[in-house]
Amino acid sequence: MNFELTEEQQIAVDSWRGFLEREMRPITDQYLDDAIPKGVTHKLLKMGADYGMCCAGVSDADGGLGLDILTSGLISEELARVSPDLAGTGFVTEGVSLKLSQGGSPELKARYMPGLLSGDLIGSSAVSEPNAGSDVRAITTRAVRDGDNYRITGAKLWTSNVIVSDVLIVLTRSDENEFTVFLLDREEHGYEVRDIDKLGLKGWSMGEVILNDVVVPASNAVGGIGGGLRLTMRGFERARCFISTVALGIAGAALDDAIAYAKQRSSFGKAIGSHQLIQALIADMAIDLDAARLLVYRGLKMLNKGEPFPVEAGICKVFATEAANRIASKAIQVHGAFGITKEFPVERHFRNARLLTIPDGTTQINQLIIGRNLLGLDAF
């Protein structure tokens, strides 16, 4: 196993990091606890497109950069150090492009992929419902055939990007035991959305989708009629890896902030970083981050192979998000009383990290997936 980045990967990461600090941070820092407006989101996505944001993992045949998945994950991690909100928006948008690449008709690809890859369009993907989260087969959103069209009725919840998105990929029940994914255009199909105010990652929009007899052409099916469940389940492993890269970015920022504070804050006549227990906290944070990073990078490499890896995807998601929680919590401890104020960024890192144990399968759901695959016994 080679844990070193290639020369090309290191160059890509270094140039991206410099661009983020010079060009993007001054903008994203204006929206640390506020939703990034749609116009600003488009601007930021377009700014990052040349570096692979929203397009790194899409093949060059479909208009992307065709980079390997690990490089795409490194880009996401570096972005999440500066703005985990924008990193989330980016990987969800790229996920829509990947679904189109896998199952979209030539017409759908030609119409939507250039905009999604360039940042001119923002994508979102709607799976979960008020009474159906990890139990995907329990969804009740219906798509009923009507000539050359389908009429979609239902509600989706916890849908990332949906407040600012232009394109929505939605999983429906098109027959009793048949599931189909449709692409909806906000302007053309007129679905309704409602914002959800949440604990952290407040710059990354999340909302509810209300589908009230929305008419969409049958040709907008992605993956074909009846191919939605397979397409959706394939996306979960990617989502678990990429939400973990966001966790790495948050954890890395928290560790950086804790180290900087421990060097400049003094007590009892010396920098608090000189005290043994502060050094122990910093060491524990670094150990957690390194272990999480190795597990996530392994997951990204396995994702690149295109074969199922439910155990490893679950492991990286559980460990990375829980490690980010521990790291952010210790960063608050290093800061003492200042850590619980909004004067310092670590309380925000903590809220952002805490949120990540929930999406794309909670820690407990992923533990069940890991256990089921190892034991061969179904816990569901």
# chains A, B, ... in the order shown; residues from 1 in each chain; ligands from 1

call {"tool": "closest_atom_pairs", "arguments": {"of": "range 119-191 of chain A", "to": "range 231-250 of chain A", "cutoff": "12 Å", "atoms": "only C-alpha atoms", "output": "tab-separated table"}}
result
residue	atom	partner	partner_atom	distance
A:Ser125	CA	A:Thr232	CA	9.5
A:Ala126	CA	A:Thr232	CA	9.9
A:Val127	CA	A:Thr232	CA	8.1
A:Ser128	CA	A:Thr232	CA	11.1
A:Ser134	CA	A:Phe236	CA	10.1
A:Asp135	CA	A:Met233	CA	11.1
A:Val136	CA	A:Met233	CA	8.8
A:Arg137	CA	A:Met233	CA	10.7
A:Ser160	CA	A:Ala239	CA	11.8
A:Ile169	CA	A:Thr232	CA	10.0
A:Val170	CA	A:Thr232	CA	9.6
A:Leu171	CA	A:Thr232	CA	7.7
A:Thr172	CA	A:Thr232	CA	10.7
A:Phe179	CA	A:Thr232	CA	9.6
A:Thr180	CA	A:Leu231	CA	9.0
A:Val181	CA	A:Leu231	CA	8.0
A:Phe182	CA	A:Leu231	CA	11.3

call {"tool": "residues_around", "arguments": {"residues": "range 86-103 of chain A", "least_positions_apart": "4", "cutoff": "9 Å", "atoms": "only C-alpha atoms", "output": "mmCIF file with N, CA and C atoms, in the first residue's frame"}}
result
data_model
loop_
_atom_site.group_PDB
_atom_site.id
_atom_site.type_symbol
_atom_site.label_atom_id
_atom_site.label_comp_id
_atom_site.auth_asym_id
_atom_site.auth_seq_id
_atom_site.Cartn_x
_atom_site.Cartn_y
_atom_site.Cartn_z
ATOM 1 N N THR A 28 -16.469 33.125 1.077
ATOM 2 C CA THR A 28 -17.196 32.166 1.925
ATOM 3 C C THR A 28 -17.217 32.597 3.382
ATOM 4 N N ILE A 36 -25.515 30.516 1.877
ATOM 5 C CA ILE A 36 -24.849 31.151 0.745
ATOM 6 C C ILE A 36 -25.895 31.382 -0.336
ATOM 7 N N THR A 41 -23.435 31.235 -4.830
ATOM 8 C CA THR A 41 -23.092 29.821 -5.003
ATOM 9 C C THR A 41 -22.684 29.537 -6.434
ATOM 10 N N LEU A 44 -19.194 30.912 -7.025
ATOM 11 C CA LEU A 44 -18.139 30.108 -6.397
ATOM 12 C C LEU A 44 -17.917 28.797 -7.138
ATOM 13 N N LEU A 45 -18.995 28.149 -7.564
ATOM 14 C CA LEU A 45 -18.854 26.897 -8.308
ATOM 15 C C LEU A 45 -18.128 27.131 -9.630
ATOM 16 N N MET A 53 -13.756 21.294 -9.138
ATOM 17 C CA MET A 53 -14.959 21.360 -8.318
ATOM 18 C C MET A 53 -16.179 21.046 -9.180
ATOM 19 N N CYS A 54 -16.971 20.071 -8.766
ATOM 20 C CA CYS A 54 -18.187 19.627 -9.463
ATOM 21 C C CYS A 54 -17.911 18.795 -10.716
ATOM 22 N N CYS A 55 -16.650 18.637 -11.108
ATOM 23 C CA CYS A 55 -16.404 17.959 -12.382
ATOM 24 C C CYS A 55 -15.200 17.030 -12.370
ATOM 25 N N ALA A 56 -14.466 16.958 -11.250
ATOM 26 C CA ALA A 56 -13.221 16.191 -11.230
ATOM 27 C C ALA A 56 -13.442 14.722 -11.555
ATOM 28 N N GLY A 57 -14.483 14.113 -10.960
ATOM 29 C CA GLY A 57 -14.690 12.674 -11.104
ATOM 30 C C GLY A 57 -15.518 12.259 -12.298
ATOM 31 N N VAL A 58 -16.003 13.219 -13.094
ATOM 32 C CA VAL A 58 -16.794 12.912 -14.282
ATOM 33 C C VAL A 58 -15.841 12.699 -15.455
ATOM 34 N N SER A 59 -16.098 11.683 -16.262
ATOM 35 C CA SER A 59 -15.186 11.336 -17.354
ATOM 36 C C SER A 59 -15.060 12.484 -18.349
ATOM 37 N N ASP A 62 -17.694 12.824 -20.994
ATOM 38 C CA ASP A 62 -18.934 13.516 -20.636
ATOM 39 C C ASP A 62 -18.699 14.973 -20.270
ATOM 40 N N ILE A 75 -9.623 17.215 -3.401
ATOM 41 C CA ILE A 75 -10.152 18.540 -3.717
ATOM 42 C C ILE A 75 -11.284 18.898 -2.760
ATOM 43 N N SER A 76 -12.157 17.922 -2.481
ATOM 44 C CA SER A 76 -13.269 18.150 -1.568
ATOM 45 C C SER A 76 -12.774 18.411 -0.147
ATOM 46 N N GLU A 77 -11.789 17.649 0.308
ATOM 47 C CA GLU A 77 -11.258 17.831 1.665
ATOM 48 C C GLU A 77 -10.655 19.216 1.838
ATOM 49 N N GLU A 78 -9.850 19.651 0.871
ATOM 50 C CA GLU A 78 -9.233 20.976 0.975
ATOM 51 C C GLU A 78 -10.289 22.080 0.982
ATOM 52 N N LEU A 79 -11.308 21.931 0.149
ATOM 53 C CA LEU A 79 -12.386 22.919 0.128
ATOM 54 C C LEU A 79 -13.117 22.944 1.470
ATOM 55 N N ALA A 80 -13.320 21.771 2.074
ATOM 56 C CA ALA A 80 -14.044 21.693 3.344
ATOM 57 C C ALA A 80 -13.271 22.344 4.490
ATOM 58 N N ARG A 81 -11.964 22.442 4.397
ATOM 59 C CA ARG A 81 -11.182 23.182 5.407
ATOM 60 C C ARG A 81 -11.590 24.657 5.408
ATOM 61 N N VAL A 82 -11.874 25.187 4.215
ATOM 62 C CA VAL A 82 -12.226 26.595 4.064
ATOM 63 C C VAL A 82 -13.726 26.794 4.181
ATOM 64 N N LEU A 108 -30.678 14.269 -22.368
ATOM 65 C CA LEU A 108 -30.551 14.832 -21.020
ATOM 66 C C LEU A 108 -29.120 15.258 -20.735
ATOM 67 N N LYS A 109 -28.169 14.424 -21.138
ATOM 68 C CA LYS A 109 -26.761 14.774 -20.934
ATOM 69 C C LYS A 109 -26.413 16.080 -21.647
ATOM 70 N N TYR A 112 -28.128 19.156 -19.789
ATOM 71 C CA TYR A 112 -27.856 19.542 -18.402
ATOM 72 C C TYR A 112 -26.406 19.392 -17.947
ATOM 73 N N MET A 113 -25.664 18.456 -18.511
ATOM 74 C CA MET A 113 -24.336 18.213 -17.957
ATOM 75 C C MET A 113 -23.362 19.371 -18.136
ATOM 76 N N LEU A 116 -24.046 21.748 -15.247
ATOM 77 C CA LEU A 116 -23.705 21.183 -13.945
ATOM 78 C C LEU A 116 -22.194 21.142 -13.739
ATOM 79 N N LEU A 117 -21.443 20.839 -14.783
ATOM 80 C CA LEU A 117 -19.997 20.718 -14.668
ATOM 81 C C LEU A 117 -19.303 22.073 -14.593
ATOM 82 N N GLY A 119 -20.745 24.905 -13.239
ATOM 83 C CA GLY A 119 -21.244 25.736 -12.149
ATOM 84 C C GLY A 119 -22.402 26.623 -12.546
ATOM 85 N N LEU A 121 -25.257 25.470 -13.405
ATOM 86 C CA LEU A 121 -26.413 24.804 -12.807
ATOM 87 C C LEU A 121 -25.992 24.154 -11.494
ATOM 88 N N ILE A 122 -26.897 24.164 -10.531
ATOM 89 C CA ILE A 122 -26.674 23.493 -9.246
ATOM 90 C C ILE A 122 -27.629 22.307 -9.173
ATOM 91 N N GLY A 123 -27.129 21.170 -8.750
ATOM 92 C CA GLY A 123 -27.945 19.964 -8.688
ATOM 93 C C GLY A 123 -28.265 19.547 -7.274
ATOM 94 N N SER A 124 -29.358 18.805 -7.122
ATOM 95 C CA SER A 124 -29.690 18.193 -5.835
ATOM 96 C C SER A 124 -30.339 16.845 -6.092
ATOM 97 N N SER A 125 -30.329 16.002 -5.074
ATOM 98 C CA SER A 125 -30.834 14.643 -5.193
ATOM 99 C C SER A 125 -31.779 14.364 -4.035
ATOM 100 N N SER A 160 -30.429 18.041 0.260
ATOM 101 C CA SER A 160 -29.350 19.026 0.199
ATOM 102 C C SER A 160 -29.412 19.812 -1.105
ATOM 103 N N ASN A 161 -29.043 21.082 -1.027
ATOM 104 C CA ASN A 161 -28.939 22.001 -2.165
ATOM 105 C C ASN A 161 -30.283 22.467 -2.699
ATOM 106 N N SER A 165 -30.907 24.899 -5.885
ATOM 107 C CA SER A 165 -30.620 24.077 -7.061
ATOM 108 C C SER A 165 -31.507 24.427 -8.249
ATOM 109 N N VAL A 167 -31.628 21.858 -10.819
ATOM 110 C CA VAL A 167 -31.960 20.525 -11.310
ATOM 111 C C VAL A 167 -32.106 19.591 -10.121
ATOM 112 N N LEU A 168 -33.153 18.769 -10.150
ATOM 113 C CA LEU A 168 -33.434 17.854 -9.040
ATOM 114 C C LEU A 168 -33.570 16.429 -9.570
ATOM 115 N N ILE A 169 -32.773 15.526 -8.993
ATOM 116 C CA ILE A 169 -32.917 14.093 -9.257
ATOM 117 C C ILE A 169 -33.791 13.531 -8.140
ATOM 118 N N LEU A 183 -35.392 13.245 -13.583
ATOM 119 C CA LEU A 183 -34.756 14.548 -13.496
ATOM 120 C C LEU A 183 -35.819 15.623 -13.672
ATOM 121 N N LEU A 201 -23.579 23.662 9.487
ATOM 122 C CA LEU A 201 -23.503 23.740 8.025
ATOM 123 C C LEU A 201 -24.635 24.610 7.477
ATOM 124 N N GLY A 203 -24.574 27.300 5.834
ATOM 125 C CA GLY A 203 -24.396 27.837 4.501
ATOM 126 C C GLY A 203 -24.781 26.866 3.399
ATOM 127 N N TRP A 204 -24.926 25.602 3.752
ATOM 128 C CA TRP A 204 -25.273 24.528 2.811
ATOM 129 C C TRP A 204 -26.773 24.284 2.931
ATOM 130 N N SER A 205 -27.516 24.665 1.915
ATOM 131 C CA SER A 205 -28.971 24.625 2.036
ATOM 132 C C SER A 205 -29.494 23.202 2.112
ATOM 133 N N ALA A 221 -36.537 10.029 -17.305
ATOM 134 C CA ALA A 221 -36.106 8.967 -16.397
ATOM 135 C C ALA A 221 -34.602 8.758 -16.546
ATOM 136 N N VAL A 222 -33.898 8.707 -15.429
ATOM 137 C CA VAL A 222 -32.452 8.480 -15.425
ATOM 138 C C VAL A 222 -32.207 7.042 -14.982
ATOM 139 N N GLY A 223 -31.573 6.273 -15.844
ATOM 140 C CA GLY A 223 -31.386 4.861 -15.547
ATOM 141 C C GLY A 223 -32.522 4.011 -16.060
ATOM 142 N N GLY A 224 -33.464 4.629 -16.784
ATOM 143 C CA GLY A 224 -34.592 3.884 -17.338
ATOM 144 C C GLY A 224 -35.704 3.682 -16.328
ATOM 145 N N GLY A 227 -35.212 1.503 -13.066
ATOM 146 C CA GLY A 227 -33.793 1.392 -12.716
ATOM 147 C C GLY A 227 -33.359 2.295 -11.577
ATOM 148 N N LEU A 231 -29.623 2.564 -9.172
ATOM 149 C CA LEU A 231 -28.871 3.801 -9.343
ATOM 150 C C LEU A 231 -28.694 4.528 -8.015
ATOM 151 N N THR A 232 -29.756 4.528 -7.203
ATOM 152 C CA THR A 232 -29.713 5.215 -5.911
ATOM 153 C C THR A 232 -28.771 4.514 -4.939
ATOM 154 N N GLY A 235 -25.198 5.158 -5.449
ATOM 155 C CA GLY A 235 -24.774 6.486 -5.034
ATOM 156 C C GLY A 235 -24.467 6.609 -3.557
ATOM 157 N N ARG A 238 -20.668 6.289 -2.659
ATOM 158 C CA ARG A 238 -19.955 7.527 -3.000
ATOM 159 C C ARG A 238 -20.273 8.616 -1.982
ATOM 160 N N ALA A 239 -21.548 8.770 -1.636
ATOM 161 C CA ALA A 239 -21.946 9.823 -0.704
ATOM 162 C C ALA A 239 -21.271 9.626 0.653
ATOM 163 N N PHE A 242 -17.704 10.787 0.354
ATOM 164 C CA PHE A 242 -17.502 12.224 0.163
ATOM 165 C C PHE A 242 -17.994 13.039 1.358
ATOM 166 N N ILE A 243 -19.018 12.583 2.087
ATOM 167 C CA ILE A 243 -19.368 13.281 3.320
ATOM 168 C C ILE A 243 -18.225 13.130 4.319
ATOM 169 N N THR A 245 -15.035 13.140 3.425
ATOM 170 C CA THR A 245 -14.009 14.141 3.079
ATOM 171 C C THR A 245 -14.360 15.498 3.676
ATOM 172 N N VAL A 246 -15.654 15.801 3.765
ATOM 173 C CA VAL A 246 -16.074 17.045 4.417
ATOM 174 C C VAL A 246 -15.712 16.987 5.907
#

call {"tool": "residues_around", "arguments": {"residues": "range 155-158 of chain A", "least_positions_apart": "4", "cutoff": "6 Å", "atoms": "only C-alpha atoms", "output": "list in words"}}
result
Ser128, Glu129, Pro130, Met206, Gly207, Glu208, Val209, Ile210 and Leu211 of chain A

call {"tool": "select_by_dssp", "arguments": {"residues": "range 125-226 of chain A", "states": "alpha helix (DSSP H)", "output": "PyMOL selection string"}}
result
chain A and resi 186-189

call {"tool": "residues_around", "arguments": {"residues": "range 368-372 of chain A", "least_positions_apart": "6", "cutoff": "12 Å", "atoms": "only C-alpha atoms", "output": "list in words"}}
result
Ser134, Phe236, Glu237, Phe309, Pro310, Val311, Glu312, Ala313, Gly314, Ile315, Cys316, Lys317, Val318, Gly361, Thr362, Asp378, Ala379 and Phe380 of chain A

call {"tool": "select_by_dssp", "arguments": {"residues": "range 41-159 of chain A", "states": "strand (DSSP E or B)", "output": "list in words"}}
result
Gly123, Ser124, Ser125, Ala126, Glu129, Ala132, Arg142, Ala143, Val144, Arg145, Asp146, Asn149, Tyr150, Arg151, Ile152, Thr153, Gly154, Ala155, Lys156, Leu157, Trp158 and Thr159 of chain A

call {"tool": "atom_distance", "arguments": {"atom1": "CA of Pro359 in chain A", "atom2": "CA of Ile163 in chain A"}}
result
17.3 Å

call {"tool": "residues_around", "arguments": {"residues": "range 354-358 of chain A", "least_positions_apart": "4", "cutoff": "10 Å", "atoms": "only C-alpha atoms", "output": "NGL selection string"}}
result
:A and (198-201 or 243-244 or 246-247 or 317-326 or 328-329 or 348-350 or 362-366)

call {"tool": "atom_distance", "arguments": {"atom1": "CA of Asp257 in chain A", "atom2": "CA of Ala331 in chain A"}}
result
7.4 Å

call {"tool": "atom_distance", "arguments": {"atom1": "CA of Thr140 in chain A", "atom2": "CA of Val162 in chain A"}}
result
19.3 Å
